[in-house]
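Working notes for the structure below.
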Amino acid sequence: MDKDAAREAYQLGVDQMGMNQLDAAIGSLGLAILRDPDFAEAYLARGVGFMRKESYRQAIDDFDRADELAPGLQNVYALRGNAWRVLGNLEKAAENYGLAVAQYPDNSMYRMTRAEIWEELGRPEEDG
């Protein structure tokens, strides 16, 4: 495990994502993960790259791993909720947005999105 090399690859991946070089970014973030398999932020960032490429299942896998390594990592629940929503699994989307709202109760966007998902489910909104 080489944490310094992992951080360098991570930063390169984040920079590439900022330039919309998604394939390169995903590759660099994958290298960061290879160099440090416990690098939760790299999984989260790569998941965002997969989301932007519309590879939602791969994104969910990375968000799941990031959450395993660092439970409640910033925005992981909302990101995973978005992926599940796009894939049509509104139950899992609602569950993840419930977690996002619990983590960030003052985030009006998360609250609104959770309410929209419950409306799409055709059921009254549940807590949590």
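Ordered as shown in the structure tokens, chains take letters A, B, and onward, while each chain numbers its residues from 1 and ligands are numbered from 1 in the order shown.
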
**Message:** Residues near A:Gly30, anyone? I mean within 10 Å using only C-alpha atoms, not counting same-chain ones fewer than 4 positions away, as a PyMOL selection string.
**Reply:** chain A and resi 6+9-10+13+24-26+34-37+42-43+45-46

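The environment of stretch 56-66 of chain A within 8 Å, counting only C-alpha atoms and disregarding residues fewer than 3 places along the same chain, consists of Phe39, Ala40, Glu41, Ala42, Tyr43, Leu44, Arg46, Gly47, Val48, Gly49, Phe50, Met51, Leu69, Ala70, Pro71, Leu73, Val76, Leu79, Arg80, Ala83, Trp84, Val86 and Leu87 of chain A.
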
**Message:** I need the residue nearest A:Tyr97 from this list: A:Met109, A:Ala115, A:Ala78, A:Leu121. Use only C-alpha atoms for the distance.
**Reply:** A:Ala78

**Message:** So that I can see what lies close to A:Ile117, please list as a ChimeraX atom specification the residues with an atom at most 7 Å from it, counting only C-alpha atoms and leaving out residues fewer than 4 positions away in the same chain.
**Reply:** /A:90,94,113,121
